[in-house]
Amino acid sequence: MPQDTLQILAPNGELVGDPPIDLDRIRELYEAMVVARVYDRKCTAMQKQGRLATYAPFEGQEACQIGAVAPLNADDWVVATYRDAGAMWFAGYPMVNLILGRTGDERGGKTPEGINVLPPSITVGGHMIHAVGTAWADKLQDTGRVSLTMFGDGATSEGDFHEAMNFAGVFDTPTVFFCQNNGWAISLPFEQQTAAESLVDKAVGYGMRGVRIDGNDLLAVVAAATTATEDARAGRGPTFIEAMTYRVGPHTTADDPGRYRTETLTDQWRAKDPIDRVRVYLEAQGQWTEAWEAGIAQAASQQVEDAVAEAEALEPFTGDEIFSAMFAEPTLPLLDQREMLRRDGP
Ligand SMILES: Cc1ncc(C[n+]2csc(CCOP(=O)(O)OP(=O)(O)O)c2C)c(N)n1
């Protein structure tokens with residue numbers, strides 16, 4: 001890691017900085033990372049079995065997904081992407097909705113009352129603007145709430161990124177911009193995405209704080225996210241976090257990463273696995289046993305299997321319902337399309 005990249009827990013599980021949380025909390029977050037990985041692998045398998053339409057795996061990015069959400073209050077906003085199921089689940093979005101969404105069932109996109117997590121954005125970059133909107137509304141209403149938005153390195157090339165960052169900087173909104181720089185936007189490598197040496201440098205241009213961290217280090221993620229969240233809540237405005245990470249799997253289940261990157265590179269990142277290093281650390285602290293691991297793995301599987309069973313037990317989503325999922329009153333073009341579907345079938 002370059003010197004300007006915050007790291008607290010090295011890949012070998014040794015501390016190189018001060019942990020921002022105590023051992024009990026590290027165990028809780030470790031458990032959440034295990035659930036996230038079980039969910040992620042289950043969804044990847046389900047897509048191969050034809051039970052999900054498509055899936056964007058986040059294996060390797062669990063420290064970002066769990067660590068970024070860890071400091072949030074229950075009513076803070078999370079505005080994230082198709083790859084952030086782990087973060088959304090940890091922030092309260094029901095797993096069953098996440099699964100339904102990946103089957104094309106619009107009911108998956110409906111956030112339950114009282115949960116401030118927006119449905120995942122498939123449009124790259126568009127949602128960052130929404131996170132500035134929620135944050136600005138909260139600032140005007142003085143609620144003390146914070147908005148966390150998660151996105152990838154590729155999203156920083158979108159005009160929406162500029163607009164969101166600029167607006168947040170000028171209006172000093174309580175937004176945490178959390179970029180998971182996993183090195184690739186589908187097959188496009190970081191070097192072809194931007195001529196900038198690092199994304200964190202962009203924060204300067206928008207007049208906000210920026211910090212670059214080891215995104216496979218749970219403790220660095222929690223430390224940076226906690227500072228950014230506290231600053232936002234205290235009225236000190238937005239922060240941009242660039243978390244250096246890697247997706248071990250394909251972009252989506254429709255992608256073949258062997259066509260644009262080597263297995264050697266992926267193996268190098270596997271050796272920096274975010275879950276393994278916390279386990280090594282916990283074990284060295286006398287806080288990890290095989291029995292405990294077996295227990296949390298079993299509970300994680302049960303939780304995921306229950307959500308899958310609940311999603312698959314629902315009455316199938318009908319074509320008609322597609323047209324009522326978005327607007328309280330359907331628009332004229334939607335009514336036309338619904339009529340066409342009723343008349344001609346799918
Ligand atoms: C506006 C827009 N353009 C293009 C796409 C197609 N697309 C889907 S994901 C993706 C790459 C995004 O990469 P990045 O932001 O780095 O996030 P990652 O997928 O690596 O998590 C692209 C180009 C899209 N969904 N939306």
# chains A, B, ... in the order shown; residues from 1 in each chain; ligands from 1
call {"tool": "residues_around", "arguments": {"residues": "region 162-170 of chain A", "least_positions_apart": "2", "cutoff": "8 Å", "atoms": "only C-alpha atoms", "output": "ChimeraX atom specification"}}
result
/A:128-129,132,156,158-160,172-175,206-208,237-238
call {"tool": "residues_near_ligand", "arguments": {"ligand": "ligand 1", "cutoff": "6 Å", "atoms": "only C-alpha atoms and all ligand atoms", "output": "number ranges by chain"}}
result
A: 83, 122-124, 151-155, 182, 184-186, 251
call {"tool": "write_last_selection", "arguments": {"atoms": "C-alpha atoms", "output": "short mmCIF file (atom, residue, chain, number, x, y, z; two decimals), in the first residue's frame"}}
result
data_model
loop_
_atom_site.label_atom_id
_atom_site.label_comp_id
_atom_site.auth_asym_id
_atom_site.auth_seq_id
_atom_site.Cartn_x
_atom_site.Cartn_y
_atom_site.Cartn_z
CA ARG A 83 -23.09 -4.53 -6.10
CA ILE A 122 -28.45 0.06 -11.75
CA THR A 123 -27.75 3.38 -13.47
CA VAL A 124 -24.08 3.98 -12.83
CA PHE A 151 -20.27 3.51 -5.87
CA GLY A 152 -17.40 2.15 -7.95
CA ASP A 153 -14.36 3.69 -9.63
CA GLY A 154 -16.17 3.68 -12.99
CA ALA A 155 -18.95 5.86 -11.59
CA ASN A 182 -12.04 -2.33 -7.23
CA TRP A 184 -12.25 -2.36 -12.95
CA ALA A 185 -15.43 -1.02 -14.48
CA ILE A 186 -16.53 -4.29 -16.05
CA HIS A 251 -18.55 -8.16 -12.85
#
call {"tool": "residues_around", "arguments": {"residues": "region 273-288 of chain A", "least_positions_apart": "6", "cutoff": "8 Å", "atoms": "only C-alpha atoms", "output": "list of chain:residue names"}}
result
A:Leu9, A:Ala10, A:Pro11, A:Asn12, A:Gly13, A:Glu14, A:Leu15, A:Leu23, A:Arg27, A:Tyr30, A:Met33, A:Val34, A:Gly60, A:Gln61, A:Glu62, A:Ala63, A:Asn216, A:Asp217, A:Leu218
call {"tool": "residues_around", "arguments": {"residues": "Asp142 (chain A)", "least_positions_apart": "6", "cutoff": "12 Å", "atoms": "only C-alpha atoms", "output": "PyMOL selection string"}}
result
chain A and resi 134-136+173-174+232-235
call {"tool": "write_last_selection", "arguments": {"atoms": "C-alpha atoms", "output": "PDB file, in the first residue's frame"}}
result
ATOM      1  CA  THR A 134     -31.538  13.310   0.945  1.00  0.00           C
ATOM      2  CA  ALA A 135     -28.601  14.901   2.757  1.00  0.00           C
ATOM      3  CA  TRP A 136     -29.595  18.415   1.737  1.00  0.00           C
ATOM      4  CA  THR A 173     -24.376  18.542   2.699  1.00  0.00           C
ATOM      5  CA  PRO A 174     -23.965  15.710   5.248  1.00  0.00           C
ATOM      6  CA  ALA A 232     -21.221  15.088   8.436  1.00  0.00           C
ATOM      7  CA  ARG A 233     -23.491  14.817  11.477  1.00  0.00           C
ATOM      8  CA  ALA A 234     -21.717  17.658  13.241  1.00  0.00           C
ATOM      9  CA  GLY A 235     -22.270  20.022  10.286  1.00  0.00           C
TER      10      GLY A 235
END
call {"tool": "atom_distance", "arguments": {"atom1": "CA of Tyr260 (chain A)", "atom2": "CA of Pro189 (chain A)"}}
result
8.7 Å
call {"tool": "residues_around", "arguments": {"residues": "Glu312 (chain A)", "least_positions_apart": "5", "cutoff": "10 Å", "atoms": "only C-alpha atoms", "output": "list in words"}}
result
Arg51, Val96, Ile99, Leu100, Thr103, Asp306 and Ala307 of chain A
call {"tool": "select_by_dssp", "arguments": {"residues": "region 104-176 of chain A", "states": "strand (DSSP E or B)", "output": "list in words"}}
result
Val117, Ser121, Ser147, Leu148, Thr149, Met150, Phe151, Gly152, Thr175 and Val176 of chain A
call {"tool": "write_last_selection", "arguments": {"atoms": "C-alpha atoms", "output": "PDB file, in the first residue's frame"}}
result
ATOM      1  CA  VAL A 117     -32.224   2.517   2.279  1.00  0.00           C
ATOM      2  CA  SER A 121     -29.167   1.867  -8.495  1.00  0.00           C
ATOM      3  CA  SER A 147     -26.490  10.031   3.795  1.00  0.00           C
ATOM      4  CA  LEU A 148     -23.969   7.380   2.768  1.00  0.00           C
ATOM      5  CA  THR A 149     -23.603   6.728  -0.946  1.00  0.00           C
ATOM      6  CA  MET A 150     -21.570   3.809  -2.322  1.00  0.00           C
ATOM      7  CA  PHE A 151     -20.274   3.510  -5.871  1.00  0.00           C
ATOM      8  CA  GLY A 152     -17.402   2.147  -7.952  1.00  0.00           C
ATOM      9  CA  THR A 175     -23.027  13.141   2.577  1.00  0.00           C
ATOM     10  CA  VAL A 176     -20.395  10.420   2.819  1.00  0.00           C
TER      11      VAL A 176
END
call {"tool": "decode", "arguments": {"residues": "region 158-247 of chain A", "atoms": "C-alpha atoms", "output": "PDB file, in the first residue's frame"}}
result
ATOM      1  CA  GLU A 158     -20.060  10.004 -14.989  1.00  0.00           C
ATOM      2  CA  GLY A 159     -21.254  13.616 -15.112  1.00  0.00           C
ATOM      3  CA  ASP A 160     -23.559  12.757 -12.215  1.00  0.00           C
ATOM      4  CA  PHE A 161     -20.507  12.215 -10.004  1.00  0.00           C
ATOM      5  CA  HIS A 162     -19.293  15.744 -10.722  1.00  0.00           C
ATOM      6  CA  GLU A 163     -22.721  17.242 -10.090  1.00  0.00           C
ATOM      7  CA  ALA A 164     -23.188  15.328  -6.844  1.00  0.00           C
ATOM      8  CA  MET A 165     -19.718  16.166  -5.515  1.00  0.00           C
ATOM      9  CA  ASN A 166     -19.934  19.804  -6.564  1.00  0.00           C
ATOM     10  CA  PHE A 167     -23.367  20.346  -5.059  1.00  0.00           C
ATOM     11  CA  ALA A 168     -22.367  18.571  -1.845  1.00  0.00           C
ATOM     12  CA  GLY A 169     -19.249  20.722  -1.579  1.00  0.00           C
ATOM     13  CA  VAL A 170     -21.034  24.021  -2.247  1.00  0.00           C
ATOM     14  CA  PHE A 171     -24.036  23.278  -0.015  1.00  0.00           C
ATOM     15  CA  ASP A 172     -21.946  21.453   2.584  1.00  0.00           C
ATOM     16  CA  THR A 173     -24.376  18.542   2.699  1.00  0.00           C
ATOM     17  CA  PRO A 174     -23.965  15.710   5.248  1.00  0.00           C
ATOM     18  CA  THR A 175     -23.027  13.141   2.577  1.00  0.00           C
ATOM     19  CA  VAL A 176     -20.395  10.420   2.819  1.00  0.00           C
ATOM     20  CA  PHE A 177     -19.143   9.478  -0.656  1.00  0.00           C
ATOM     21  CA  PHE A 178     -17.774   5.941  -0.395  1.00  0.00           C
ATOM     22  CA  CYS A 179     -15.985   4.816  -3.559  1.00  0.00           C
ATOM     23  CA  GLN A 180     -15.072   1.133  -3.785  1.00  0.00           C
ATOM     24  CA  ASN A 181     -12.147   1.330  -6.183  1.00  0.00           C
ATOM     25  CA  ASN A 182     -12.044  -2.328  -7.229  1.00  0.00           C
ATOM     26  CA  GLY A 183      -9.785  -1.577 -10.180  1.00  0.00           C
ATOM     27  CA  TRP A 184     -12.247  -2.362 -12.947  1.00  0.00           C
ATOM     28  CA  ALA A 185     -15.433  -1.020 -14.484  1.00  0.00           C
ATOM     29  CA  ILE A 186     -16.527  -4.286 -16.053  1.00  0.00           C
ATOM     30  CA  SER A 187     -13.451  -4.912 -18.272  1.00  0.00           C
ATOM     31  CA  LEU A 188     -12.082  -1.361 -18.231  1.00  0.00           C
ATOM     32  CA  PRO A 189      -9.026  -1.030 -15.968  1.00  0.00           C
ATOM     33  CA  PHE A 190      -8.549   1.950 -13.666  1.00  0.00           C
ATOM     34  CA  GLU A 191      -5.666   3.326 -15.812  1.00  0.00           C
ATOM     35  CA  GLN A 192      -8.039   3.725 -18.750  1.00  0.00           C
ATOM     36  CA  GLN A 193     -10.818   5.128 -16.590  1.00  0.00           C
ATOM     37  CA  THR A 194      -8.954   8.236 -15.483  1.00  0.00           C
ATOM     38  CA  ALA A 195      -5.650  10.014 -16.043  1.00  0.00           C
ATOM     39  CA  ALA A 196      -5.624  10.905 -12.337  1.00  0.00           C
ATOM     40  CA  GLU A 197      -3.159   9.009 -10.153  1.00  0.00           C
ATOM     41  CA  SER A 198      -5.783   8.403  -7.516  1.00  0.00           C
ATOM     42  CA  LEU A 199      -9.456   9.182  -7.149  1.00  0.00           C
ATOM     43  CA  VAL A 200      -9.076  10.699  -3.696  1.00  0.00           C
ATOM     44  CA  ASP A 201      -7.301  13.677  -5.267  1.00  0.00           C
ATOM     45  CA  LYS A 202     -10.619  14.641  -6.814  1.00  0.00           C
ATOM     46  CA  ALA A 203     -11.992  15.619  -3.376  1.00  0.00           C
ATOM     47  CA  VAL A 204      -9.747  18.704  -3.373  1.00  0.00           C
ATOM     48  CA  GLY A 205     -11.421  20.017  -6.508  1.00  0.00           C
ATOM     49  CA  TYR A 206     -14.798  19.981  -4.776  1.00  0.00           C
ATOM     50  CA  GLY A 207     -13.559  21.530  -1.558  1.00  0.00           C
ATOM     51  CA  MET A 208     -14.176  18.494   0.591  1.00  0.00           C
ATOM     52  CA  ARG A 209     -12.071  16.197   2.720  1.00  0.00           C
ATOM     53  CA  GLY A 210     -10.711  13.079   1.047  1.00  0.00           C
ATOM     54  CA  VAL A 211      -9.166   9.943   2.499  1.00  0.00           C
ATOM     55  CA  ARG A 212      -7.737   6.870   0.810  1.00  0.00           C
ATOM     56  CA  ILE A 213      -7.899   3.585   2.666  1.00  0.00           C
ATOM     57  CA  ASP A 214      -7.160  -0.109   2.358  1.00  0.00           C
ATOM     58  CA  GLY A 215     -10.666  -1.279   1.482  1.00  0.00           C
ATOM     59  CA  ASN A 216      -9.880  -4.878   2.470  1.00  0.00           C
ATOM     60  CA  ASP A 217      -9.101  -3.737   6.003  1.00  0.00           C
ATOM     61  CA  LEU A 218     -12.292  -3.684   8.062  1.00  0.00           C
ATOM     62  CA  LEU A 219     -10.713  -1.504  10.742  1.00  0.00           C
ATOM     63  CA  ALA A 220      -9.487   1.127   8.260  1.00  0.00           C
ATOM     64  CA  VAL A 221     -12.931   1.214   6.654  1.00  0.00           C
ATOM     65  CA  VAL A 222     -14.655   1.629  10.019  1.00  0.00           C
ATOM     66  CA  ALA A 223     -12.180   4.321  11.107  1.00  0.00           C
ATOM     67  CA  ALA A 224     -12.614   6.380   7.926  1.00  0.00           C
ATOM     68  CA  ALA A 225     -16.374   5.905   7.763  1.00  0.00           C
ATOM     69  CA  THR A 226     -16.766   6.848  11.440  1.00  0.00           C
ATOM     70  CA  THR A 227     -14.809  10.088  11.052  1.00  0.00           C
ATOM     71  CA  ALA A 228     -16.701  10.987   7.868  1.00  0.00           C
ATOM     72  CA  THR A 229     -20.075  10.204   9.456  1.00  0.00           C
ATOM     73  CA  GLU A 230     -19.288  12.181  12.615  1.00  0.00           C
ATOM     74  CA  ASP A 231     -18.072  15.155  10.568  1.00  0.00           C
ATOM     75  CA  ALA A 232     -21.221  15.088   8.436  1.00  0.00           C
ATOM     76  CA  ARG A 233     -23.491  14.817  11.477  1.00  0.00           C
ATOM     77  CA  ALA A 234     -21.717  17.658  13.241  1.00  0.00           C
ATOM     78  CA  GLY A 235     -22.270  20.022  10.286  1.00  0.00           C
ATOM     79  CA  ARG A 236     -18.747  19.809   8.902  1.00  0.00           C
ATOM     80  CA  GLY A 237     -19.973  18.722   5.460  1.00  0.00           C
ATOM     81  CA  PRO A 238     -19.133  15.862   3.072  1.00  0.00           C
ATOM     82  CA  THR A 239     -16.129  13.523   2.806  1.00  0.00           C
ATOM     83  CA  PHE A 240     -14.921  11.437  -0.126  1.00  0.00           C
ATOM     84  CA  ILE A 241     -13.482   8.028   0.789  1.00  0.00           C
ATOM     85  CA  GLU A 242     -11.533   6.010  -1.778  1.00  0.00           C
ATOM     86  CA  ALA A 243     -11.353   2.386  -0.623  1.00  0.00           C
ATOM     87  CA  MET A 244      -8.783   0.298  -2.513  1.00  0.00           C
ATOM     88  CA  THR A 245     -10.288  -3.151  -3.054  1.00  0.00           C
ATOM     89  CA  TYR A 246     -10.937  -5.854  -5.648  1.00  0.00           C
ATOM     90  CA  ARG A 247     -13.878  -7.969  -6.732  1.00  0.00           C
TER      91      ARG A 247
END
